[in-house]
>>> print(open('input11.pdb').read())   # PDB, C-alpha atoms, pLDDT in the B column
ATOM      1  CA  ASP A   1       4.843  13.964  45.844  1.00 62.00           C
ATOM      2  CA  ALA A   2       1.363  14.754  44.602  1.00 81.00           C
ATOM      3  CA  GLY A   3       1.021  15.983  41.054  1.00 92.00           C
ATOM      4  CA  VAL A   4      -1.061  18.879  39.846  1.00 96.00           C
ATOM      5  CA  THR A   5      -4.600  18.585  41.142  1.00 96.00           C
ATOM      6  CA  GLN A   6      -7.718  20.169  39.709  1.00 97.00           C
ATOM      7  CA  SER A   7     -11.268  20.440  40.935  1.00 96.00           C
ATOM      8  CA  PRO A   8     -13.935  19.674  40.114  1.00 97.00           C
ATOM      9  CA  THR A   9     -13.399  16.783  37.725  1.00 95.00           C
ATOM     10  CA  HIS A  10     -16.598  17.371  35.806  1.00 96.00           C
ATOM     11  CA  LEU A  11     -19.010  20.259  35.741  1.00 96.00           C
ATOM     12  CA  ILE A  12     -22.275  20.957  33.944  1.00 98.00           C
ATOM     13  CA  LYS A  13     -23.465  24.555  33.665  1.00 98.00           C
ATOM     14  CA  THR A  14     -26.164  26.442  31.816  1.00 98.00           C
ATOM     15  CA  ARG A  15     -25.548  29.238  29.330  1.00 98.00           C
ATOM     16  CA  GLY A  16     -25.088  32.565  31.044  1.00 97.00           C
ATOM     17  CA  GLN A  17     -23.888  31.109  34.323  1.00 98.00           C
ATOM     18  CA  HIS A  18     -20.513  31.622  35.932  1.00 98.00           C
ATOM     19  CA  VAL A  19     -17.941  28.930  36.749  1.00 98.00           C
ATOM     20  CA  THR A  20     -14.818  28.723  38.916  1.00 98.00           C
ATOM     21  CA  LEU A  21     -12.184  26.077  38.317  1.00 98.00           C
ATOM     22  CA  ARG A  22      -9.410  25.373  40.815  1.00 98.00           C
ATOM     23  CA  CYS A  23      -5.853  24.169  40.520  1.00 98.00           C
ATOM     24  CA  SER A  24      -3.185  23.208  43.037  1.00 98.00           C
ATOM     25  CA  PRO A  25       0.349  23.075  41.631  1.00 97.00           C
ATOM     26  CA  ILE A  26       3.078  20.633  42.497  1.00 96.00           C
ATOM     27  CA  SER A  27       4.711  21.569  45.785  1.00 95.00           C
ATOM     28  CA  GLY A  28       7.485  24.092  45.150  1.00 93.00           C
ATOM     29  CA  HIS A  29       6.154  25.180  41.777  1.00 94.00           C
ATOM     30  CA  LYS A  30       5.474  28.899  41.528  1.00 94.00           C
ATOM     31  CA  SER A  31       4.064  29.170  38.010  1.00 94.00           C
ATOM     32  CA  VAL A  32       0.594  28.079  36.923  1.00 96.00           C
ATOM     33  CA  SER A  33      -0.783  28.127  33.401  1.00 96.00           C
ATOM     34  CA  TRP A  34      -4.302  27.451  32.141  1.00 98.00           C
ATOM     35  CA  TYR A  35      -5.232  25.874  28.820  1.00 97.00           C
ATOM     36  CA  GLN A  36      -8.521  25.148  27.066  1.00 98.00           C
ATOM     37  CA  GLN A  37      -8.759  21.944  25.044  1.00 95.00           C
ATOM     38  CA  VAL A  38     -11.758  21.644  22.766  1.00 95.00           C
ATOM     39  CA  LEU A  39     -12.581  18.127  21.585  1.00 89.00           C
ATOM     40  CA  GLY A  40     -10.311  17.087  18.762  1.00 87.00           C
ATOM     41  CA  GLN A  41      -7.912  20.014  19.129  1.00 90.00           C
ATOM     42  CA  GLY A  42      -4.688  20.776  20.896  1.00 93.00           C
ATOM     43  CA  PRO A  43      -4.735  22.817  24.105  1.00 95.00           C
ATOM     44  CA  GLN A  44      -4.979  26.596  23.712  1.00 97.00           C
ATOM     45  CA  PHE A  45      -3.184  28.891  26.135  1.00 96.00           C
ATOM     46  CA  ILE A  46      -5.429  31.052  28.311  1.00 97.00           C
ATOM     47  CA  PHE A  47      -3.309  32.500  31.156  1.00 94.00           C
ATOM     48  CA  GLN A  48      -0.026  32.166  32.959  1.00 95.00           C
ATOM     49  CA  TYR A  49       0.640  33.350  36.512  1.00 95.00           C
ATOM     50  CA  TYR A  50       3.987  33.484  38.257  1.00 93.00           C
ATOM     51  CA  GLU A  51       4.479  34.694  41.807  1.00 91.00           C
ATOM     52  CA  LYS A  52       0.855  35.866  41.815  1.00 91.00           C
ATOM     53  CA  GLU A  53       1.344  38.127  38.808  1.00 93.00           C
ATOM     54  CA  GLU A  54      -0.108  37.601  35.350  1.00 93.00           C
ATOM     55  CA  ARG A  55       2.717  36.843  32.946  1.00 92.00           C
ATOM     56  CA  GLY A  56       0.775  35.951  29.838  1.00 91.00           C
ATOM     57  CA  ARG A  57      -2.702  36.032  28.360  1.00 94.00           C
ATOM     58  CA  GLY A  58      -3.982  34.164  25.340  1.00 94.00           C
ATOM     59  CA  ASN A  59      -6.571  35.243  22.820  1.00 94.00           C
ATOM     60  CA  PHE A  60      -9.631  34.781  25.014  1.00 97.00           C
ATOM     61  CA  PRO A  61     -12.416  37.277  25.792  1.00 97.00           C
ATOM     62  CA  ASP A  62     -12.598  39.258  29.018  1.00 96.00           C
ATOM     63  CA  ARG A  63     -15.180  36.787  30.309  1.00 98.00           C
ATOM     64  CA  PHE A  64     -12.155  34.691  31.243  1.00 98.00           C
ATOM     65  CA  SER A  65     -10.155  35.744  34.280  1.00 97.00           C
ATOM     66  CA  ALA A  66      -7.778  34.091  36.704  1.00 97.00           C
ATOM     67  CA  ARG A  67      -5.765  34.692  39.810  1.00 97.00           C
ATOM     68  CA  GLN A  68      -3.045  33.052  41.828  1.00 97.00           C
ATOM     69  CA  PHE A  69      -3.024  32.883  45.594  1.00 97.00           C
ATOM     70  CA  PRO A  70      -0.115  33.214  48.064  1.00 95.00           C
ATOM     71  CA  ASN A  71       0.113  29.411  48.284  1.00 95.00           C
ATOM     72  CA  TYR A  72       0.484  29.393  44.453  1.00 96.00           C
ATOM     73  CA  SER A  73      -2.851  27.682  43.852  1.00 97.00           C
ATOM     74  CA  SER A  74      -4.961  29.252  41.143  1.00 98.00           C
ATOM     75  CA  GLU A  75      -8.531  29.829  40.043  1.00 98.00           C
ATOM     76  CA  LEU A  76      -9.901  30.263  36.545  1.00 98.00           C
ATOM     77  CA  ASN A  77     -13.194  32.101  36.305  1.00 98.00           C
ATOM     78  CA  VAL A  78     -15.476  32.214  33.295  1.00 98.00           C
ATOM     79  CA  ASN A  79     -18.498  34.519  33.226  1.00 97.00           C
ATOM     80  CA  ALA A  80     -21.566  34.487  30.993  1.00 98.00           C
ATOM     81  CA  LEU A  81     -20.906  30.949  29.790  1.00 98.00           C
ATOM     82  CA  LEU A  82     -21.467  30.134  26.130  1.00 98.00           C
ATOM     83  CA  LEU A  83     -21.999  26.732  24.529  1.00 97.00           C
ATOM     84  CA  GLY A  84     -18.574  27.136  22.933  1.00 96.00           C
ATOM     85  CA  ASP A  85     -16.920  27.213  26.337  1.00 98.00           C
ATOM     86  CA  SER A  86     -17.550  23.472  26.653  1.00 98.00           C
ATOM     87  CA  ALA A  87     -14.084  21.959  26.833  1.00 97.00           C
ATOM     88  CA  LEU A  88     -11.456  20.289  28.976  1.00 96.00           C
ATOM     89  CA  TYR A  89      -9.661  22.921  31.034  1.00 97.00           C
ATOM     90  CA  LEU A  90      -6.117  21.996  31.893  1.00 97.00           C
ATOM     91  CA  CYS A  91      -3.890  23.485  34.529  1.00 97.00           C
ATOM     92  CA  ALA A  92      -0.115  23.138  34.333  1.00 96.00           C
ATOM     93  CA  SER A  93       2.537  24.051  36.857  1.00 95.00           C
ATOM     94  CA  SER A  94       6.258  24.658  36.569  1.00 93.00           C
ATOM     95  CA  LEU A  95       9.057  25.648  38.916  1.00 91.00           C
ATOM     96  CA  ALA A  96       9.400  29.087  37.386  1.00 82.00           C
ATOM     97  CA  SER A  97       8.435  31.072  34.330  1.00 82.00           C
ATOM     98  CA  GLY A  98       9.708  30.549  30.824  1.00 77.00           C
ATOM     99  CA  GLY A  99      13.003  29.072  29.741  1.00 74.00           C
ATOM    100  CA  ALA A 100      13.366  25.324  29.619  1.00 79.00           C
ATOM    101  CA  TYR A 101      11.156  24.708  32.648  1.00 85.00           C
ATOM    102  CA  GLU A 102       8.857  21.766  32.068  1.00 88.00           C
ATOM    103  CA  GLN A 103       5.147  22.133  32.537  1.00 92.00           C
ATOM    104  CA  TYR A 104       3.337  19.381  34.418  1.00 94.00           C
ATOM    105  CA  PHE A 105      -0.333  19.024  33.632  1.00 95.00           C
ATOM    106  CA  GLY A 106      -3.223  18.099  35.850  1.00 95.00           C
ATOM    107  CA  PRO A 107      -6.026  15.748  34.796  1.00 94.00           C
ATOM    108  CA  GLY A 108      -8.266  18.615  33.800  1.00 95.00           C
ATOM    109  CA  THR A 109     -11.807  19.764  34.491  1.00 97.00           C
ATOM    110  CA  ARG A 110     -14.396  18.742  31.911  1.00 96.00           C
ATOM    111  CA  LEU A 111     -16.877  21.633  31.537  1.00 98.00           C
ATOM    112  CA  THR A 112     -20.130  21.088  29.695  1.00 98.00           C
ATOM    113  CA  VAL A 113     -22.334  24.095  28.967  1.00 98.00           C
ATOM    114  CA  THR A 114     -25.953  23.353  28.040  1.00 97.00           C
TER     115      THR A 114
ATOM    116  CA  ALA B   1       3.354  33.949  12.424  1.00 73.00           C
ATOM    117  CA  GLN B   2       4.722  31.405  14.859  1.00 81.00           C
ATOM    118  CA  SER B   3       2.932  28.100  14.506  1.00 89.00           C
ATOM    119  CA  VAL B   4       3.159  24.350  15.043  1.00 94.00           C
ATOM    120  CA  THR B   5       2.067  21.860  12.400  1.00 95.00           C
ATOM    121  CA  GLN B   6       1.308  18.201  12.879  1.00 95.00           C
ATOM    122  CA  LEU B   7       0.393  16.734   9.523  1.00 88.00           C
ATOM    123  CA  GLY B   8      -2.425  14.231   9.502  1.00 85.00           C
ATOM    124  CA  SER B   9      -4.759  13.493  12.368  1.00 91.00           C
ATOM    125  CA  HIS B  10      -4.445   9.739  12.614  1.00 95.00           C
ATOM    126  CA  VAL B  11      -1.617   7.235  12.257  1.00 96.00           C
ATOM    127  CA  SER B  12      -2.110   3.482  12.405  1.00 97.00           C
ATOM    128  CA  VAL B  13       0.759   1.001  12.786  1.00 97.00           C
ATOM    129  CA  SER B  14       1.109  -2.675  13.553  1.00 97.00           C
ATOM    130  CA  GLU B  15       2.485  -3.813  16.872  1.00 97.00           C
ATOM    131  CA  GLY B  16       6.264  -3.992  16.559  1.00 97.00           C
ATOM    132  CA  ALA B  17       6.420  -1.529  13.663  1.00 98.00           C
ATOM    133  CA  LEU B  18       8.194   1.809  13.601  1.00 97.00           C
ATOM    134  CA  VAL B  19       6.281   4.805  14.886  1.00 97.00           C
ATOM    135  CA  LEU B  20       6.927   8.180  13.209  1.00 97.00           C
ATOM    136  CA  LEU B  21       4.922  11.242  14.169  1.00 97.00           C
ATOM    137  CA  ARG B  22       5.832  14.467  12.431  1.00 97.00           C
ATOM    138  CA  CYS B  23       6.049  17.973  13.834  1.00 96.00           C
ATOM    139  CA  ASN B  24       7.174  21.184  12.166  1.00 96.00           C
ATOM    140  CA  TYR B  25       7.305  24.662  13.586  1.00 94.00           C
ATOM    141  CA  SER B  26       7.494  28.111  12.098  1.00 91.00           C
ATOM    142  CA  SER B  27       9.980  30.458  13.749  1.00 85.00           C
ATOM    143  CA  SER B  28      13.179  32.239  12.810  1.00 80.00           C
ATOM    144  CA  VAL B  29      14.654  31.501  16.235  1.00 80.00           C
ATOM    145  CA  PRO B  30      14.887  27.886  17.415  1.00 78.00           C
ATOM    146  CA  PRO B  31      12.370  27.433  20.209  1.00 85.00           C
ATOM    147  CA  TYR B  32      12.095  24.917  23.000  1.00 91.00           C
ATOM    148  CA  LEU B  33      10.308  21.797  21.768  1.00 93.00           C
ATOM    149  CA  PHE B  34       8.213  19.242  23.602  1.00 95.00           C
ATOM    150  CA  TRP B  35       6.191  16.113  22.918  1.00 97.00           C
ATOM    151  CA  TYR B  36       3.261  15.233  25.163  1.00 97.00           C
ATOM    152  CA  VAL B  37       1.031  12.156  25.226  1.00 97.00           C
ATOM    153  CA  GLN B  38      -2.606  12.133  26.292  1.00 94.00           C
ATOM    154  CA  TYR B  39      -4.477   8.964  27.160  1.00 92.00           C
ATOM    155  CA  PRO B  40      -8.302   9.007  27.075  1.00 86.00           C
ATOM    156  CA  ASN B  41      -9.865  11.157  29.782  1.00 80.00           C
ATOM    157  CA  GLN B  42      -6.493  12.135  31.189  1.00 84.00           C
ATOM    158  CA  GLY B  43      -4.209  15.145  31.227  1.00 87.00           C
ATOM    159  CA  LEU B  44      -0.977  15.514  29.286  1.00 93.00           C
ATOM    160  CA  GLN B  45       2.209  13.644  30.131  1.00 95.00           C
ATOM    161  CA  LEU B  46       5.592  14.897  28.994  1.00 94.00           C
ATOM    162  CA  LEU B  47       7.402  12.392  26.764  1.00 96.00           C
ATOM    163  CA  LEU B  48      10.544  14.398  26.027  1.00 95.00           C
ATOM    164  CA  LYS B  49      11.897  17.868  25.398  1.00 94.00           C
ATOM    165  CA  TYR B  50      14.608  19.681  23.479  1.00 93.00           C
ATOM    166  CA  THR B  51      16.123  22.850  24.867  1.00 89.00           C
ATOM    167  CA  THR B  52      19.795  23.036  23.867  1.00 84.00           C
ATOM    168  CA  GLY B  53      22.668  20.666  23.195  1.00 85.00           C
ATOM    169  CA  ALA B  54      22.312  17.242  21.648  1.00 87.00           C
ATOM    170  CA  THR B  55      19.709  17.287  18.922  1.00 89.00           C
ATOM    171  CA  LEU B  56      18.636  13.678  19.468  1.00 95.00           C
ATOM    172  CA  VAL B  57      16.712  13.449  22.702  1.00 96.00           C
ATOM    173  CA  LYS B  58      15.441  10.346  24.417  1.00 96.00           C
ATOM    174  CA  GLY B  59      12.268  10.240  26.403  1.00 95.00           C
ATOM    175  CA  ILE B  60      10.126   7.862  28.351  1.00 95.00           C
ATOM    176  CA  ASN B  61       8.598   4.636  27.058  1.00 93.00           C
ATOM    177  CA  GLY B  62      11.263   4.205  24.374  1.00 96.00           C
ATOM    178  CA  PHE B  63      10.402   7.353  22.419  1.00 97.00           C
ATOM    179  CA  GLU B  64      12.970   9.716  20.975  1.00 97.00           C
ATOM    180  CA  ALA B  65      12.932  12.817  18.808  1.00 97.00           C
ATOM    181  CA  GLU B  66      15.455  14.661  16.700  1.00 95.00           C
ATOM    182  CA  PHE B  67      15.629  18.420  16.356  1.00 94.00           C
ATOM    183  CA  LYS B  68      16.571  19.472  12.822  1.00 94.00           C
ATOM    184  CA  LYS B  69      17.053  23.227  12.641  1.00 91.00           C
ATOM    185  CA  SER B  70      17.415  23.304   8.857  1.00 91.00           C
ATOM    186  CA  GLU B  71      14.075  21.555   8.464  1.00 93.00           C
ATOM    187  CA  THR B  72      12.406  23.261  11.448  1.00 93.00           C
ATOM    188  CA  SER B  73      11.261  19.817  12.515  1.00 95.00           C
ATOM    189  CA  PHE B  74      11.046  17.765  15.687  1.00 96.00           C
ATOM    190  CA  HIS B  75       9.707  14.363  14.650  1.00 97.00           C
ATOM    191  CA  LEU B  76       8.902  11.708  17.255  1.00 97.00           C
ATOM    192  CA  THR B  77       9.913   8.088  16.719  1.00 97.00           C
ATOM    193  CA  LYS B  78       9.801   4.742  18.447  1.00 98.00           C
ATOM    194  CA  PRO B  79      11.456   1.693  16.871  1.00 97.00           C
ATOM    195  CA  SER B  80       8.809  -0.820  17.906  1.00 97.00           C
ATOM    196  CA  ALA B  81       5.207   0.070  18.705  1.00 97.00           C
ATOM    197  CA  HIS B  82       3.408  -1.483  21.635  1.00 96.00           C
ATOM    198  CA  MET B  83      -0.319  -1.722  22.143  1.00 96.00           C
ATOM    199  CA  SER B  84      -0.017   0.551  25.162  1.00 95.00           C
ATOM    200  CA  ASP B  85       1.299   3.346  22.901  1.00 96.00           C
ATOM    201  CA  ALA B  86      -2.185   3.943  21.510  1.00 96.00           C
ATOM    202  CA  ALA B  87      -3.003   7.508  22.537  1.00 96.00           C
ATOM    203  CA  GLU B  88      -3.029  11.078  21.270  1.00 96.00           C
ATOM    204  CA  TYR B  89       0.306  12.808  20.792  1.00 97.00           C
ATOM    205  CA  PHE B  90       0.882  16.540  20.841  1.00 97.00           C
ATOM    206  CA  CYS B  91       3.889  18.492  19.711  1.00 97.00           C
ATOM    207  CA  ALA B  92       4.307  21.723  21.670  1.00 95.00           C
ATOM    208  CA  VAL B  93       6.615  24.680  21.235  1.00 93.00           C
ATOM    209  CA  ARG B  94       7.714  27.460  23.535  1.00 90.00           C
ATOM    210  CA  PHE B  95       8.707  30.332  21.320  1.00 85.00           C
ATOM    211  CA  THR B  96      11.267  32.914  22.408  1.00 76.00           C
ATOM    212  CA  GLY B  97       9.830  35.533  24.731  1.00 74.00           C
ATOM    213  CA  ALA B  98       6.659  33.568  25.359  1.00 68.00           C
ATOM    214  CA  ASN B  99       7.261  33.084  29.099  1.00 76.00           C
ATOM    215  CA  SER B 100       5.725  29.706  29.862  1.00 77.00           C
ATOM    216  CA  LYS B 101       3.181  29.704  27.055  1.00 88.00           C
ATOM    217  CA  LEU B 102       3.153  26.505  25.047  1.00 92.00           C
ATOM    218  CA  THR B 103       1.777  26.490  21.521  1.00 93.00           C
ATOM    219  CA  PHE B 104       0.390  23.066  20.662  1.00 95.00           C
ATOM    220  CA  GLY B 105      -0.185  21.299  17.399  1.00 95.00           C
ATOM    221  CA  LYS B 106      -3.593  19.801  16.671  1.00 95.00           C
ATOM    222  CA  GLY B 107      -2.460  16.390  17.812  1.00 96.00           C
ATOM    223  CA  ILE B 108      -2.150  12.978  16.177  1.00 97.00           C
ATOM    224  CA  THR B 109      -4.062   9.897  17.259  1.00 96.00           C
ATOM    225  CA  LEU B 110      -1.886   6.799  17.191  1.00 97.00           C
ATOM    226  CA  SER B 111      -3.583   3.422  16.786  1.00 97.00           C
ATOM    227  CA  VAL B 112      -1.669   0.168  17.184  1.00 97.00           C
ATOM    228  CA  ARG B 113      -2.978  -2.948  15.450  1.00 96.00           C
ATOM    229  CA  PRO B 114      -2.301  -6.370  16.970  1.00 94.00           C
TER     230      PRO B 114
END
>>> encode(input="input11.pdb", output="structure tokens")
Amino acid sequence: DAGVTQSPTHLIKTRGQHVTLRCSPISGHKSVSWYQQVLGQGPQFIFQYYEKEERGRGNFPDRFSARQFPNYSSELNVNALLLGDSALYLCASSLASGGAYEQYFGPGTRLTVT
Amino acid sequence: AQSVTQLGSHVSVSEGALVLLRCNYSSSVPPYLFWYVQYPNQGLQLLLKYTTGATLVKGINGFEAEFKKSETSFHLTKPSAHMSDAAEYFCAVRFTGANSKLTFGKGITLSVRP
């Protein structure tokens, strides 16, 4: 079975622009979470979606938004990009929400804001 | 506040030596505990997890970790390091009521000397 896939792999944007990152979960997984990993740090939680509903939101500004589609894939949108948004964005999927369910991570999208 | 601490940012061992990577968490209720490994330019791979039951858990690639409630610790060990173990290691915690949100430590870079 295919793992979690993310697109694009790399992206370069200019300050003030908007970006959309995409994630396809493992088949059968209904929960998708997004994390931001700045160089040299551990991943920081941004959002979690389960059955197309937002189940959790991290400490990120309203410029960050996400949604989950009926096929359980997800998009992360970031508006008005800042230099500080440069990071590796990771998507993780799990069978369901919470509990002991393992999260499986994709390879990430490397976003560079210039 | 609930937090995860990984002391030190870099550990260097000789090939064949014991690997010990430390992780402590701050919570009054035992959480679910995970160790992930990240190779350069890749996503995160789950090494092992503790949810309930036996406090010594075995993972992939010969790694194991022991949950010690009294010490609020979940240290990762491997009896004999291999060159291929060189990577970054993250301790992650799912606190009670956090849905799927994982809180990560800052990570530890493991180097293995020949």
>>> atom_distance(input="input11.pdb", atom1="atom CA of Lys52 of chain A", atom2="atom CA of Ala66 of chain A")
10.2 Å
>>> resolve_selection(input="input11.pdb", expression="the PyMOL selection byres ((chain B) within 9 of (chain A))", output="list in words")
Tyr32, Phe34, Asn41, Gln42, Gly43, Leu44, Gln45, Leu46, Lys49, Tyr50, Thr51, Thr52, Phe90, Cys91, Arg94, Thr96, Gly97, Ala98, Asn99, Ser100, Lys101, Leu102, Thr103, Phe104, Gly105, Lys106 and Gly107 of chain B
>>> closest_residue(input="input11.pdb", among="A:Leu82, A:Ile12, A:Gln37, A:Ser74", to="Glu53 of chain A", atoms="all atoms listed in the file")
A:Ser74
>>> atom_distance(input="input11.pdb", atom1="atom CA of Leu11 of chain A", atom2="atom CA of Gln68 of chain A")
21.3 Å
>>> resolve_selection(input="input11.pdb", expression="the PyMOL selection byres ((chain A and resi 24) around 7)", output="VMD selection string")
chain A and resid 4 to 6 22 to 23 25 to 26 73 to 74
>>> write_last_selection(input="input11.pdb", atoms="C-alpha atoms", output="PDB file, in the coordinates of the input")
ATOM      1  CA  VAL A   4      -1.061  18.879  39.846  1.00 96.00           C
ATOM      2  CA  THR A   5      -4.600  18.585  41.142  1.00 96.00           C
ATOM      3  CA  GLN A   6      -7.718  20.169  39.709  1.00 97.00           C
ATOM      4  CA  ARG A  22      -9.410  25.373  40.815  1.00 98.00           C
ATOM      5  CA  CYS A  23      -5.853  24.169  40.520  1.00 98.00           C
ATOM      6  CA  PRO A  25       0.349  23.075  41.631  1.00 97.00           C
ATOM      7  CA  ILE A  26       3.078  20.633  42.497  1.00 96.00           C
ATOM      8  CA  SER A  73      -2.851  27.682  43.852  1.00 97.00           C
ATOM      9  CA  SER A  74      -4.961  29.252  41.143  1.00 98.00           C
TER      10      SER A  74
END
>>> atom_distance(input="input11.pdb", atom1="atom CA of Gln38 of chain B", atom2="atom CA of Thr109 of chain B")
9.4 Å
>>> axis_aligned_box(input="input11.pdb", around="segment 32-47 of chain B", padding_each_side="4 Å", output="JSON")
{"center_x": 1.1, "center_y": 16.9, "center_z": 26.5, "size_x": 30.0, "size_y": 24.0, "size_z": 17.5}
>>> resolve_selection(input="input11.pdb", expression="the PyMOL selection byres ((chain B and resi 79) around 6)", output="PyMOL selection string")
chain B and resi 18+78+80
>>> residues_around(input="input11.pdb", residues="Ile108 of chain B", least_positions_apart="6", cutoff="6 Å", atoms="all atoms listed in the file", output="list in words")
Ser9, His10, Glu88 and Tyr89 of chain B
>>> closest_residue(input="input11.pdb", among="B:Leu7, B:Cys23, B:Val37, B:Val93", to="Glu71 of chain B", atoms="only C-alpha atoms")
B:Cys23
>>> residues_around(input="input11.pdb", residues="Asn77 of chain A", least_positions_apart="5", cutoff="7 Å", atoms="all atoms listed in the file", output="PyMOL selection string")
chain A and resi 19-21+64-66
>>> closest_residue(input="input11.pdb", among="B:Val19, B:Ala1, B:Ala65, B:Ala92", to="Leu33 of chain B", atoms="only C-alpha atoms")
B:Ala92
>>> residues_around(input="input11.pdb", residues="Thr114 of chain A", least_positions_apart="3", cutoff="7 Å", atoms="only C-alpha atoms", output="PyMOL selection string")
chain A and resi 13-15+83
>>> build_atoms(input="input11.pdb", residues="segment 39-46 of chain A", atoms="all heavy atoms", output="short mmCIF file (atom, residue, chain, number, x, y, z; two decimals), in the coordinates of the input")
data_model
loop_
_atom_site.label_atom_id
_atom_site.label_comp_id
_atom_site.auth_asym_id
_atom_site.auth_seq_id
_atom_site.Cartn_x
_atom_site.Cartn_y
_atom_site.Cartn_z
N LEU A 39 -12.64 19.50 22.10
CA LEU A 39 -12.58 18.13 21.58
C LEU A 39 -11.96 18.09 20.19
O LEU A 39 -12.37 18.82 19.29
CB LEU A 39 -13.99 17.55 21.55
CG LEU A 39 -14.10 16.03 21.43
CD1 LEU A 39 -13.44 15.35 22.62
CD2 LEU A 39 -15.55 15.60 21.29
N GLY A 40 -10.94 17.27 20.06
CA GLY A 40 -10.31 17.09 18.76
C GLY A 40 -9.23 18.10 18.42
O GLY A 40 -8.69 18.08 17.31
N GLN A 41 -8.92 18.98 19.36
CA GLN A 41 -7.91 20.01 19.13
C GLN A 41 -6.81 19.96 20.18
O GLN A 41 -6.96 19.32 21.23
CB GLN A 41 -8.56 21.40 19.16
CG GLN A 41 -9.62 21.62 18.11
CD GLN A 41 -9.05 21.64 16.71
OE1 GLN A 41 -7.96 22.18 16.47
NE2 GLN A 41 -9.77 21.05 15.77
N GLY A 42 -5.73 20.64 19.90
CA GLY A 42 -4.69 20.78 20.90
C GLY A 42 -5.05 21.85 21.91
O GLY A 42 -5.89 22.70 21.65
N PRO A 43 -4.45 21.80 23.09
CA PRO A 43 -4.74 22.82 24.10
C PRO A 43 -4.39 24.22 23.62
O PRO A 43 -3.39 24.41 22.91
CB PRO A 43 -3.84 22.40 25.27
CG PRO A 43 -3.59 20.93 25.06
CD PRO A 43 -3.54 20.77 23.58
N GLN A 44 -5.20 25.18 24.03
CA GLN A 44 -4.98 26.60 23.71
C GLN A 44 -4.67 27.34 25.00
O GLN A 44 -5.41 27.24 25.98
CB GLN A 44 -6.22 27.19 23.05
CG GLN A 44 -6.56 26.57 21.70
CD GLN A 44 -5.56 26.94 20.62
OE1 GLN A 44 -5.18 28.10 20.48
NE2 GLN A 44 -5.13 25.95 19.84
N PHE A 45 -3.63 28.14 24.96
CA PHE A 45 -3.18 28.89 26.14
C PHE A 45 -4.17 29.97 26.52
O PHE A 45 -4.61 30.75 25.66
CB PHE A 45 -1.81 29.50 25.83
CG PHE A 45 -1.29 30.42 26.89
CD1 PHE A 45 -0.74 29.91 28.05
CD2 PHE A 45 -1.31 31.79 26.71
CE1 PHE A 45 -0.22 30.75 29.02
CE2 PHE A 45 -0.80 32.64 27.67
CZ PHE A 45 -0.26 32.12 28.84
N ILE A 46 -4.51 30.02 27.83
CA ILE A 46 -5.43 31.05 28.31
C ILE A 46 -4.67 32.08 29.15
O ILE A 46 -4.70 33.28 28.87
CB ILE A 46 -6.57 30.46 29.16
CG1 ILE A 46 -7.25 29.29 28.44
CG2 ILE A 46 -7.60 31.55 29.46
CD1 ILE A 46 -8.32 28.60 29.31
#
